[in-house]
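Data from work-v1.cif: mmCIF, C-alpha atoms
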data_structure
#
loop_
_atom_site.label_atom_id
_atom_site.label_comp_id
_atom_site.auth_asym_id
_atom_site.auth_seq_id
_atom_site.Cartn_x
_atom_site.Cartn_y
_atom_site.Cartn_z
CA MET A 745 -11.76 -4.74 -42.69
CA GLN A 746 -13.98 -4.16 -39.69
CA SER A 747 -14.41 -0.54 -38.69
CA SER A 748 -15.50 -0.92 -35.08
CA LYS A 749 -13.38 0.71 -32.42
CA ALA A 750 -12.83 -2.61 -30.68
CA SER A 751 -11.54 -4.36 -33.78
CA SER A 752 -9.17 -1.50 -34.70
CA SER A 753 -7.66 -1.25 -31.22
CA PRO A 754 -3.87 -1.85 -31.19
CA VAL A 755 -4.40 -4.14 -28.20
CA ASN A 756 -6.78 -6.45 -30.07
CA THR A 757 -4.75 -6.32 -33.27
CA LEU A 758 -1.52 -7.36 -31.55
CA LEU A 759 -3.00 -9.96 -29.21
CA ALA A 760 -5.39 -11.76 -31.57
CA PRO A 761 -2.72 -13.90 -33.31
CA PHE A 762 -1.50 -15.32 -29.99
CA LEU A 763 -4.41 -15.64 -27.57
CA LEU A 764 -5.91 -18.79 -29.10
CA GLN A 765 -2.49 -20.47 -29.04
CA PHE A 766 -2.06 -19.27 -25.45
CA GLN A 767 -5.43 -20.62 -24.28
CA LYS A 768 -5.09 -23.96 -26.06
CA GLY A 769 -1.61 -24.48 -24.63
CA LEU A 770 -2.70 -23.40 -21.15
CA LEU A 771 -5.49 -25.97 -21.01
CA GLY A 772 -2.98 -28.66 -21.96
CA GLN A 773 -0.39 -27.51 -19.45
CA VAL A 774 -2.78 -27.63 -16.48
CA SER A 775 -4.08 -31.09 -17.39
CA SER A 776 -3.32 -34.13 -15.26
CA SER A 777 -3.52 -37.89 -15.68
CA ILE A 778 -6.13 -37.70 -12.90
CA PRO A 779 -9.42 -36.48 -14.46
CA LEU A 780 -10.67 -34.85 -11.25
CA LEU A 781 -7.50 -32.77 -10.98
CA THR A 782 -7.82 -31.69 -14.62
CA THR A 783 -11.42 -30.61 -14.07
CA LEU A 784 -10.43 -28.67 -10.96
CA THR A 785 -7.40 -26.89 -12.44
CA GLN A 786 -9.27 -26.00 -15.64
CA TYR A 787 -12.30 -24.68 -13.75
CA TYR A 788 -11.15 -21.03 -13.56
CA VAL A 789 -9.10 -21.26 -16.77
CA ASN A 790 -12.29 -21.99 -18.73
CA GLN A 791 -14.20 -19.08 -17.22
CA PRO A 792 -14.25 -15.63 -18.88
CA SER A 793 -11.26 -13.63 -17.68
CA LYS A 794 -9.39 -10.41 -18.48
CA ARG A 795 -6.12 -12.37 -18.85
CA MET A 796 -4.40 -9.16 -17.80
CA ARG A 797 -0.99 -10.65 -17.01
CA PRO A 798 -0.64 -12.74 -20.20
CA CYS A 799 -1.79 -9.79 -22.30
CA LEU A 800 0.81 -7.53 -20.71
CA ILE A 801 3.54 -10.11 -21.32
CA LEU A 802 2.59 -10.57 -24.98
CA LEU A 803 2.52 -6.82 -25.58
CA MET A 804 5.74 -6.06 -23.69
CA CYS A 805 7.52 -8.79 -25.65
CA GLN A 806 6.35 -7.21 -28.91
CA ALA A 807 7.56 -3.81 -27.67
CA THR A 808 11.04 -5.06 -26.75
CA ASN A 809 11.88 -8.01 -29.00
CA GLY A 810 14.85 -7.02 -31.14
CA LEU A 811 16.23 -4.53 -28.61
CA GLY A 812 18.33 -6.94 -26.53
CA SER A 813 21.94 -7.81 -27.29
CA GLU A 814 21.08 -11.54 -27.46
CA TRP A 815 17.96 -11.21 -29.63
CA HIS A 816 19.42 -13.00 -32.65
CA VAL A 817 20.56 -15.89 -30.44
CA LYS A 818 17.05 -16.25 -29.02
CA LEU A 819 15.54 -16.06 -32.48
CA LEU A 820 17.86 -18.78 -33.83
CA GLU A 821 17.04 -20.99 -30.84
CA ALA A 822 13.34 -20.50 -31.50
CA GLN A 823 13.74 -21.34 -35.17
CA ALA A 824 15.63 -24.52 -34.32
CA SER A 825 13.04 -25.61 -31.75
CA THR A 826 10.07 -25.14 -34.09
CA ILE A 827 11.37 -26.94 -37.18
CA ASP A 828 8.97 -29.83 -36.64
CA SER A 829 6.18 -27.73 -35.11
CA SER A 830 2.80 -27.21 -36.73
CA GLU A 831 2.67 -23.70 -35.24
CA PRO A 832 4.28 -21.03 -37.47
CA LEU A 833 7.10 -19.07 -35.82
CA SER A 834 6.43 -15.40 -35.21
CA GLU A 835 9.27 -13.00 -34.49
CA ASN A 836 6.82 -10.75 -32.65
CA VAL A 837 6.41 -13.24 -29.79
CA LEU A 838 8.65 -16.27 -29.38
CA PRO A 839 7.30 -19.68 -28.27
CA SER A 840 9.18 -19.35 -24.97
CA GLN A 841 7.38 -16.06 -24.30
CA ILE A 842 3.96 -17.60 -24.95
CA CYS A 843 4.97 -20.37 -22.56
CA LEU A 844 5.91 -17.71 -20.00
CA ALA A 845 2.44 -16.16 -20.33
CA GLN A 846 0.97 -19.58 -19.54
CA ILE A 847 3.29 -19.98 -16.54
CA ILE A 848 2.30 -16.63 -15.06
CA GLU A 849 -1.40 -17.33 -15.56
CA MET A 850 -0.94 -20.68 -13.81
CA LEU A 851 0.65 -18.89 -10.84
CA HIS A 852 -2.24 -16.42 -10.81
CA VAL A 853 -4.88 -19.16 -10.89
CA ALA A 854 -3.04 -21.08 -8.15
CA SER A 855 -3.16 -17.95 -5.98
CA LEU A 856 -6.92 -17.63 -6.65
CA LEU A 857 -7.46 -21.22 -5.52
CA HIS A 858 -5.55 -20.70 -2.30
CA ASP A 859 -7.14 -17.27 -1.71
CA ASP A 860 -10.63 -18.73 -2.04
CA VAL A 861 -9.83 -21.25 0.69
CA ILE A 862 -8.33 -18.60 2.98
CA ASP A 863 -11.22 -16.18 2.36
CA GLU A 864 -13.87 -18.93 2.60
CA ALA A 865 -15.25 -17.62 -0.71
CA ASP A 866 -18.44 -19.21 -2.01
CA THR A 867 -18.31 -17.48 -5.39
CA ARG A 868 -15.72 -16.27 -7.88
CA ARG A 869 -16.57 -14.29 -11.05
CA GLY A 870 -20.28 -14.78 -10.38
CA ALA A 871 -20.07 -18.58 -10.27
CA PRO A 872 -19.56 -21.09 -7.46
CA SER A 873 -15.93 -21.04 -6.32
CA VAL A 874 -13.65 -24.07 -6.62
CA PRO A 875 -13.80 -24.72 -2.84
CA ALA A 876 -17.59 -24.59 -3.00
CA VAL A 877 -17.61 -27.21 -5.75
CA PHE A 878 -14.66 -29.44 -4.86
CA GLY A 879 -13.97 -28.71 -1.17
CA ASN A 880 -11.03 -27.02 0.53
CA HIS A 881 -8.63 -29.96 0.59
CA ARG A 882 -8.90 -30.66 -3.14
CA THR A 883 -8.67 -26.93 -3.91
CA ILE A 884 -5.41 -26.59 -1.98
CA LEU A 885 -3.98 -29.61 -3.77
CA GLY A 886 -5.09 -28.16 -7.10
CA GLY A 887 -3.26 -24.94 -6.34
CA ASP A 888 -0.16 -26.87 -5.33
CA TYR A 889 -0.32 -28.85 -8.57
CA LEU A 890 -0.46 -25.65 -10.62
CA LEU A 891 2.54 -24.24 -8.76
CA GLY A 892 4.48 -27.41 -9.46
CA ARG A 893 3.55 -27.40 -13.16
CA ALA A 894 4.47 -23.72 -13.45
CA MET A 895 7.91 -24.21 -11.88
CA ALA A 896 8.61 -27.25 -14.09
CA LEU A 897 7.71 -25.23 -17.18
CA ALA A 898 9.85 -22.31 -16.02
CA ALA A 899 12.84 -24.62 -15.62
CA SER A 900 12.25 -26.03 -19.13
CA LEU A 901 12.79 -22.58 -20.65
CA GLY A 902 16.51 -22.96 -20.00
CA CYS A 903 17.10 -19.53 -18.43
CA THR A 904 18.18 -19.70 -14.80
CA GLU A 905 17.37 -16.02 -14.21
CA VAL A 906 13.80 -16.54 -15.42
CA THR A 907 13.41 -19.58 -13.17
CA SER A 908 14.72 -17.55 -10.23
CA LEU A 909 12.37 -14.64 -10.94
CA VAL A 910 9.35 -16.94 -11.17
CA ALA A 911 10.32 -18.61 -7.87
CA ASN A 912 10.79 -15.23 -6.22
CA ALA A 913 7.36 -14.16 -7.46
CA VAL A 914 5.80 -17.17 -5.70
CA CYS A 915 7.67 -16.45 -2.48
CA THR A 916 6.65 -12.79 -2.55
CA LEU A 917 2.99 -13.74 -3.06
CA VAL A 918 3.11 -15.96 0.03
CA GLU A 919 4.80 -13.25 2.09
CA GLY A 920 2.17 -10.75 0.95
CA GLU A 921 -0.60 -13.04 2.10
CA LEU A 922 1.01 -13.26 5.54
CA VAL A 923 1.21 -9.46 5.67
CA GLN A 924 -2.51 -9.27 4.89
CA LEU A 925 -3.28 -11.82 7.61
CA GLY A 926 -1.38 -9.65 10.07
CA ASP A 927 1.35 -12.22 10.75
CA ILE A 928 4.18 -9.91 9.61
CA ARG A 929 4.62 -6.43 11.01
CA SER A 930 7.95 -5.37 9.53
CA LEU A 931 9.63 -6.22 6.24
CA ASP A 932 13.13 -5.79 4.91
CA ALA A 933 13.83 -3.65 1.85
CA GLN A 934 13.16 -6.55 -0.53
CA GLY A 935 9.48 -6.48 0.33
CA ARG A 936 8.98 -2.75 0.04
CA ALA A 937 6.67 -1.30 -2.59
CA LEU A 938 8.49 1.22 -4.74
CA ASP A 939 9.20 4.53 -2.96
CA THR A 940 6.51 4.41 -0.29
CA THR A 941 8.02 7.31 1.67
CA SER A 942 7.54 9.73 -1.22
CA VAL A 943 4.05 8.39 -1.98
CA LEU A 944 2.91 8.67 1.64
CA ARG A 945 4.29 12.19 2.05
CA HIS A 946 3.38 13.83 -1.25
CA VAL A 947 0.41 11.86 -2.63
CA VAL A 948 -1.40 10.25 0.29
CA ALA A 949 -0.42 13.15 2.58
CA VAL A 950 -0.50 11.18 5.83
CA PRO A 951 -0.18 13.56 8.82
CA GLN A 952 3.36 13.34 10.22
CA ASP A 953 1.99 13.26 13.76
CA ASP A 954 -0.03 10.08 13.11
CA PRO A 955 2.44 7.15 13.16
CA GLU A 956 -0.37 4.61 13.52
CA LEU A 957 -2.07 5.63 10.28
CA SER A 958 1.30 5.96 8.57
CA GLY A 959 2.09 2.39 9.62
CA TRP A 960 -1.22 1.13 8.22
CA TRP A 961 -0.51 2.82 4.89
CA GLU A 962 3.04 1.48 4.76
CA GLU A 963 1.83 -2.06 5.41
CA TYR A 964 -0.96 -1.71 2.85
CA LEU A 965 1.37 -0.50 0.09
CA GLN A 966 3.86 -3.26 0.88
CA LYS A 967 1.12 -5.87 0.76
CA THR A 968 -0.26 -4.47 -2.50
CA TYR A 969 3.16 -4.67 -4.08
CA MET A 970 3.79 -8.19 -2.79
CA LYS A 971 0.38 -9.69 -3.66
CA THR A 972 -0.19 -7.97 -7.00
CA ALA A 973 2.45 -5.62 -8.38
CA SER A 974 5.42 -7.95 -7.85
CA LEU A 975 3.93 -10.61 -10.15
CA PHE A 976 3.34 -7.97 -12.85
CA ALA A 977 6.94 -6.80 -12.53
CA HIS A 978 8.57 -10.24 -12.42
CA ALA A 979 6.47 -11.46 -15.35
CA LEU A 980 7.46 -8.58 -17.63
CA GLN A 981 11.12 -8.86 -16.67
CA CYS A 982 11.03 -12.55 -17.56
CA GLY A 983 9.44 -11.72 -20.89
CA VAL A 984 12.19 -9.34 -21.98
CA LEU A 985 14.91 -11.71 -20.76
CA LEU A 986 13.48 -14.46 -22.98
CA GLY A 987 13.67 -11.97 -25.84
CA GLY A 988 17.42 -11.64 -25.51
CA VAL A 989 17.68 -8.68 -23.14
CA GLY A 990 20.68 -9.00 -20.83
CA THR A 991 20.45 -8.78 -17.04
CA HIS A 992 22.00 -5.32 -16.93
CA GLU A 993 20.37 -3.85 -20.04
CA ARG A 994 17.95 -1.04 -19.30
CA TRP A 995 14.99 -2.71 -21.02
CA LYS A 996 14.71 -5.17 -18.15
CA ALA A 997 14.54 -2.37 -15.57
CA ILE A 998 12.00 -0.46 -17.67
CA ALA A 999 9.75 -3.51 -17.98
CA GLY A 1000 9.98 -4.15 -14.24
CA SER A 1001 9.21 -0.54 -13.32
CA TYR A 1002 6.21 -0.45 -15.64
CA GLY A 1003 4.89 -3.72 -14.19
CA GLU A 1004 5.27 -2.57 -10.58
CA ARG A 1005 3.53 0.72 -11.16
CA LEU A 1006 0.70 -0.69 -13.25
CA GLY A 1007 0.21 -3.48 -10.70
CA MET A 1008 -0.21 -0.91 -7.93
CA ALA A 1009 -2.79 1.02 -9.99
CA PHE A 1010 -4.61 -2.20 -10.87
CA GLN A 1011 -5.01 -3.24 -7.23
CA LEU A 1012 -6.05 0.24 -6.10
CA ILE A 1013 -8.89 0.19 -8.63
CA ASP A 1014 -9.77 -3.32 -7.43
CA ASP A 1015 -10.00 -2.02 -3.85
CA LEU A 1016 -12.07 0.95 -4.99
CA LEU A 1017 -14.52 -1.30 -6.88
CA ASP A 1018 -15.11 -3.26 -3.67
CA PHE A 1019 -17.06 -0.17 -2.54
CA GLU A 1020 -18.49 1.37 -5.70
CA GLY A 1021 -18.55 -1.51 -8.19
CA ASP A 1022 -21.51 -3.58 -9.37
CA ALA A 1023 -21.49 -6.82 -7.37
CA GLN A 1024 -22.90 -8.74 -10.34
CA LYS A 1025 -20.16 -7.48 -12.67
CA LEU A 1026 -17.48 -8.07 -10.04
CA GLY A 1027 -18.67 -11.60 -9.40
CA LYS A 1028 -18.36 -11.12 -5.63
CA PRO A 1029 -20.43 -9.42 -2.92
CA ALA A 1030 -19.96 -5.73 -2.11
CA ASN A 1031 -17.70 -4.82 0.83
CA ALA A 1032 -16.02 -8.22 0.55
CA ASP A 1033 -12.75 -6.99 2.06
CA LEU A 1034 -14.47 -5.43 5.06
CA SER A 1035 -16.29 -8.70 5.75
CA LEU A 1036 -12.87 -10.37 5.96
CA GLY A 1037 -11.53 -7.69 8.33
CA ILE A 1038 -9.27 -6.26 5.63
CA ALA A 1039 -8.70 -2.51 5.43
CA THR A 1040 -7.67 -1.01 2.08
CA ALA A 1041 -6.91 2.43 0.63
CA PRO A 1042 -10.51 3.74 0.69
CA VAL A 1043 -10.73 2.88 4.39
CA PHE A 1044 -7.49 4.65 5.26
CA PHE A 1045 -8.45 7.76 3.29
CA ALA A 1046 -11.80 7.77 5.13
CA VAL A 1047 -10.02 7.52 8.50
CA GLN A 1048 -7.78 10.46 7.54
CA GLU A 1049 -10.92 12.55 7.05
CA ASP A 1050 -13.09 11.13 9.86
CA ALA A 1051 -11.23 10.01 12.98
CA SER A 1052 -14.40 8.46 14.43
CA LEU A 1053 -13.91 5.55 11.99
CA ARG A 1054 -10.51 4.59 13.42
CA PRO A 1055 -11.85 2.23 16.15
CA LEU A 1056 -13.59 0.15 13.48
CA VAL A 1057 -10.24 -0.50 11.79
CA LEU A 1058 -8.58 -1.36 15.08
CA ARG A 1059 -11.17 -4.06 15.81
CA ARG A 1060 -11.22 -5.25 12.16
CA PHE A 1061 -14.93 -4.44 11.71
CA ASN A 1062 -15.93 -7.34 13.96
CA LYS A 1063 -18.87 -5.73 15.78
CA PRO A 1064 -22.43 -5.70 14.45
CA GLY A 1065 -22.91 -2.70 12.17
CA ASP A 1066 -19.19 -2.01 11.71
CA ILE A 1067 -19.11 -3.01 8.06
CA GLU A 1068 -22.12 -0.87 7.18
CA LYS A 1069 -20.78 2.11 9.15
CA MET A 1070 -17.38 1.94 7.49
CA ALA A 1071 -18.89 1.54 4.02
CA GLN A 1072 -21.04 4.60 4.66
CA GLY A 1073 -18.00 6.50 5.93
CA VAL A 1074 -16.03 5.66 2.81
CA ARG A 1075 -18.84 6.89 0.56
CA ARG A 1076 -19.55 9.98 2.68
CA THR A 1077 -15.95 11.22 2.59
CA GLN A 1078 -13.58 11.85 -0.31
CA ALA A 1079 -12.06 8.40 0.16
CA LEU A 1080 -13.11 6.95 -3.21
CA THR A 1081 -12.04 10.06 -5.11
CA ARG A 1082 -8.64 10.04 -3.40
CA THR A 1083 -8.20 6.31 -4.03
CA ARG A 1084 -8.81 6.88 -7.73
CA GLU A 1085 -6.35 9.77 -7.70
CA LEU A 1086 -3.71 7.50 -6.15
CA ALA A 1087 -4.36 4.88 -8.82
CA GLU A 1088 -4.04 7.58 -11.48
CA TYR A 1089 -0.71 8.63 -9.96
CA TYR A 1090 0.69 5.11 -10.30
CA ALA A 1091 -0.76 4.80 -13.82
CA ARG A 1092 0.93 8.04 -14.89
CA TRP A 1093 4.16 6.74 -13.38
CA ALA A 1094 3.72 3.55 -15.40
CA GLN A 1095 3.18 5.60 -18.56
CA GLU A 1096 6.45 7.42 -17.86
CA ALA A 1097 8.27 4.08 -17.86
CA LEU A 1098 6.68 3.18 -21.20
CA GLY A 1099 7.94 6.48 -22.57
CA MET A 1100 11.49 5.13 -22.34
CA LEU A 1101 10.70 2.41 -24.91
CA PRO A 1102 11.00 3.07 -28.65
CA ASP A 1103 7.74 4.10 -30.29
CA SER A 1104 5.81 1.16 -31.72
CA MET A 1105 2.28 -0.16 -32.05
CA ALA A 1106 2.99 -2.43 -29.07
CA ARG A 1107 4.02 0.51 -26.90
CA ARG A 1108 0.86 2.36 -27.90
CA ALA A 1109 -1.17 -0.74 -27.02
CA LEU A 1110 0.45 -0.81 -23.58
CA HIS A 1111 -0.49 2.86 -23.11
CA GLU A 1112 -4.06 1.95 -24.05
CA LEU A 1113 -4.14 -0.99 -21.66
CA THR A 1114 -2.79 1.21 -18.85
CA ALA A 1115 -5.60 3.71 -19.39
CA ALA A 1116 -8.15 0.88 -19.46
CA VAL A 1117 -7.04 -0.26 -15.99
CA LEU A 1118 -8.37 3.01 -14.56
CA THR A 1119 -11.80 2.70 -16.21
CA ARG A 1120 -12.50 -0.98 -15.68
CA GLN A 1121 -15.72 -1.98 -13.93
CA SER A 1122 -14.81 -5.56 -13.00
#
Translate this file's structure into structure tokens.
Amino acid sequence: MQSSKASSSPVNTLLAPFLLQFQKGLLGQVSSSIPLLTTLTQYYVNQPSKRMRPCLILLMCQATNGLGSEWHVKLLEAQASTIDSSEPLSENVLPSQICLAQIIEMLHVASLLHDDVIDEADTRRGAPSVPAVFGNHRTILGGDYLLGRAMALAASLGCTEVTSLVANAVCTLVEGELVQLGDIRSLDAQGRALDTTSVLRHVVAVPQDDPELSGWWEEYLQKTYMKTASLFAHALQCGVLLGGVGTHERWKAIAGSYGERLGMAFQLIDDLLDFEGDAQKLGKPANADLSLGIATAPVFFAVQEDASLRPLVLRRFNKPGDIEKMAQGVRRTQALTRTRELAEYYARWAQEALGMLPDSMARRALHELTAAVLTRQS
């Protein structure tokens, strides 16, 4: 037995039996009868990646399988469907749940393809982006193809609630992109990110006499939920449903709450790294969001501390020197420290949700993965 810390980690121990099967199946699922389309859709899939969403699904399934009232039904269905399969059946993660992990990764990759067109990105993960290699038109079509394949796979799982959740995740991603582009100014309750009122008042501490800044924060938190956290939440809810958890059983709500909160922390760290991360490790240039006119948590915290930076946000950093001035303002103030503290708040909140699950190696692995989100460098 290996003694290294990495090899003994609960995360690695629990994921290792499934990741090769996941990757092999994913490459097959994104393939097309058109070779060019296969090359395009596999381009990001073949690159090194954290695979955060699939890993979370596989661990949450291991933490909750056996808890749902319909677990034995799901297990019998899995046994019947794998009689002629060369892959051995594991009760830790069912074939349908591995398929779900592939579906969610396909949705994620599709969003990357579309984002790279919208953002006019030349690189992704330190390599030329798909639009840079294949052009915008082909990239958009590749993203559309992945969305179609993902929805077809979701329907094949035979659970209408899972299909609905996957579809809702796609819709929410699109709405979040429109919020970021500034095309939506108000959202109904469905698009709200957790309890933003409490977060803004007690954690962010936005001055009550500054409705403009409060509005920016509200929009930012909504967008963060819609573009990132909602997919985490929907994915984990789908995972427990496929493990026999009923719609109204508490395990579904726990999985969703954990996913939402971890997703918020994950994106906050991503926004922080845009200012303090290593561009080579990130695979994208520093201050990338500012160059796109996008303001994130570090910017808003800096504005709270230095009002002279507010005009730069209002004009979306479009004057010469604006990006450099804002980046300096973020680093000069406590903005990065406060952004990390906000991410830690959401991570602690996610850990609280995990605490409602029975103790297991999988739950401990999820705790470990949650802590790792806060210390990641890329």
Selection near stretch 872-885 of chain A, 7 Å with only C-alpha atoms, sequence-local residues under 5 positions removed, as a PyMOL selection string = chain A and resi 857-858+860-861+865-867
Written as number ranges by chain, what is the full residue list that the PyMOL selection byres ((chain A and resi 814-827) around 9) yields on the file shown?
-> A: 809-813, 828-833, 835, 838-840, 986-990
Polymer residues at most 10 Å from (-8.6, -8.7, 2.6) by all atoms listed in the file, as a PyMOL selection string | chain A and resi 859+862-863+921+924-925+1015+1032-1040
Identify all residues satisfying the PyMOL selection byres ((chain A and resi 1013) around 9) in the given file; provide them as a PDB file with C-alpha atoms, in the frame of the given file.
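Below is the file that was written, part-v2.pdb:
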ATOM      1  CA  MET A1008      -0.210  -0.910  -7.930  1.00  0.00           C
ATOM      2  CA  ALA A1009      -2.790   1.020  -9.990  1.00  0.00           C
ATOM      3  CA  PHE A1010      -4.610  -2.200 -10.870  1.00  0.00           C
ATOM      4  CA  GLN A1011      -5.010  -3.240  -7.230  1.00  0.00           C
ATOM      5  CA  LEU A1012      -6.050   0.240  -6.100  1.00  0.00           C
ATOM      6  CA  ASP A1014      -9.770  -3.320  -7.430  1.00  0.00           C
ATOM      7  CA  ASP A1015     -10.000  -2.020  -3.850  1.00  0.00           C
ATOM      8  CA  LEU A1016     -12.070   0.950  -4.990  1.00  0.00           C
ATOM      9  CA  LEU A1017     -14.520  -1.300  -6.880  1.00  0.00           C
ATOM     10  CA  ASP A1018     -15.110  -3.260  -3.670  1.00  0.00           C
ATOM     11  CA  THR A1083      -8.200   6.310  -4.030  1.00  0.00           C
ATOM     12  CA  ARG A1084      -8.810   6.880  -7.730  1.00  0.00           C
ATOM     13  CA  ALA A1087      -4.360   4.880  -8.820  1.00  0.00           C
ATOM     14  CA  VAL A1117      -7.040  -0.260 -15.990  1.00  0.00           C
ATOM     15  CA  LEU A1118      -8.370   3.010 -14.560  1.00  0.00           C
ATOM     16  CA  THR A1119     -11.800   2.700 -16.210  1.00  0.00           C
ATOM     17  CA  ARG A1120     -12.500  -0.980 -15.680  1.00  0.00           C
ATOM     18  CA  GLN A1121     -15.720  -1.980 -13.930  1.00  0.00           C
TER      19      GLN A1121
END
For A:His1111: contacts at 12 Å, all atoms listed in the file, fewer than 2 positions along chain excluded, given as a count of residues only | 32
Could you state which residues are captured by the PyMOL selection byres ((chain A and resi 1049) around 12) in this file, as number ranges by chain?
-> A: 948-951, 957, 1042-1048, 1050-1054, 1073-1080, 1082
Surrounding residues of A:Asn1031 excluding itself and chain neighbours under 5 positions, 8 Å, only C-alpha atoms, as a PyMOL selection string = chain A and resi 1018-1019+1067+1071
Pick out the residues sitting within 7 Å of A:Leu891, and hand them over as a tab-separated table (two decimals) with C-alpha atoms, in the frame of the given file; count all atoms listed in the file, and ignore anything fewer than 4 positions along from it in its own chain.
chain	number	residue	atom	x	y	z
A	851	LEU	CA	0.65	-18.89	-10.84
A	854	ALA	CA	-3.04	-21.08	-8.15
A	887	GLY	CA	-3.26	-24.94	-6.34
A	895	MET	CA	7.91	-24.21	-11.88
Would you mind telling me which residue in A:Val789, A:Leu901, A:Ala871, A:Val943 lies nearest to A:Glu962 when using all atoms listed in the file?
->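 Counting all atoms listed in the file, the residue closest to A:Glu962 is A:Val943.
Distance check against A:Cys982 using all atoms listed in the file: of A:Ser1001, A:Gln841, A:Asn912, A:Thr1081, the minimum falls on A:Gln841.
Counting all atoms listed in the file, the residue from A:Ala1041, A:Leu1086, A:Leu897, A:Leu922 that sits nearest to A:Ile848 is A:Leu897.
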Show me as a PyMOL selection string the residues that reach within 9 Å of (19.8, -16.8, -19.2), counting only C-alpha atoms and using the file's own coordinates.
-> chain A and resi 902-906+985-986+988+990-991
In terms of the shortest atom-to-atom distance over only C-alpha atoms, which of A:Leu890, A:Ser958, A:Pro1029, A:Glu993 is closest to A:Leu771?
->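 The closest residue to A:Leu771 is A:Leu890.
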Report the distance between atom CA of A:Leu758 and atom CA of A:Ala973 in Å, rounded to one decimal place.
-> 23.6 Å
If you measure from atom CA of A:Ile847 to atom CA of A:Pro792, what distance in Å do you get, rounded to one decimal?
->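 Interatomic distance, atom CA of A:Ile847 to atom CA of A:Pro792: 18.2 Å.
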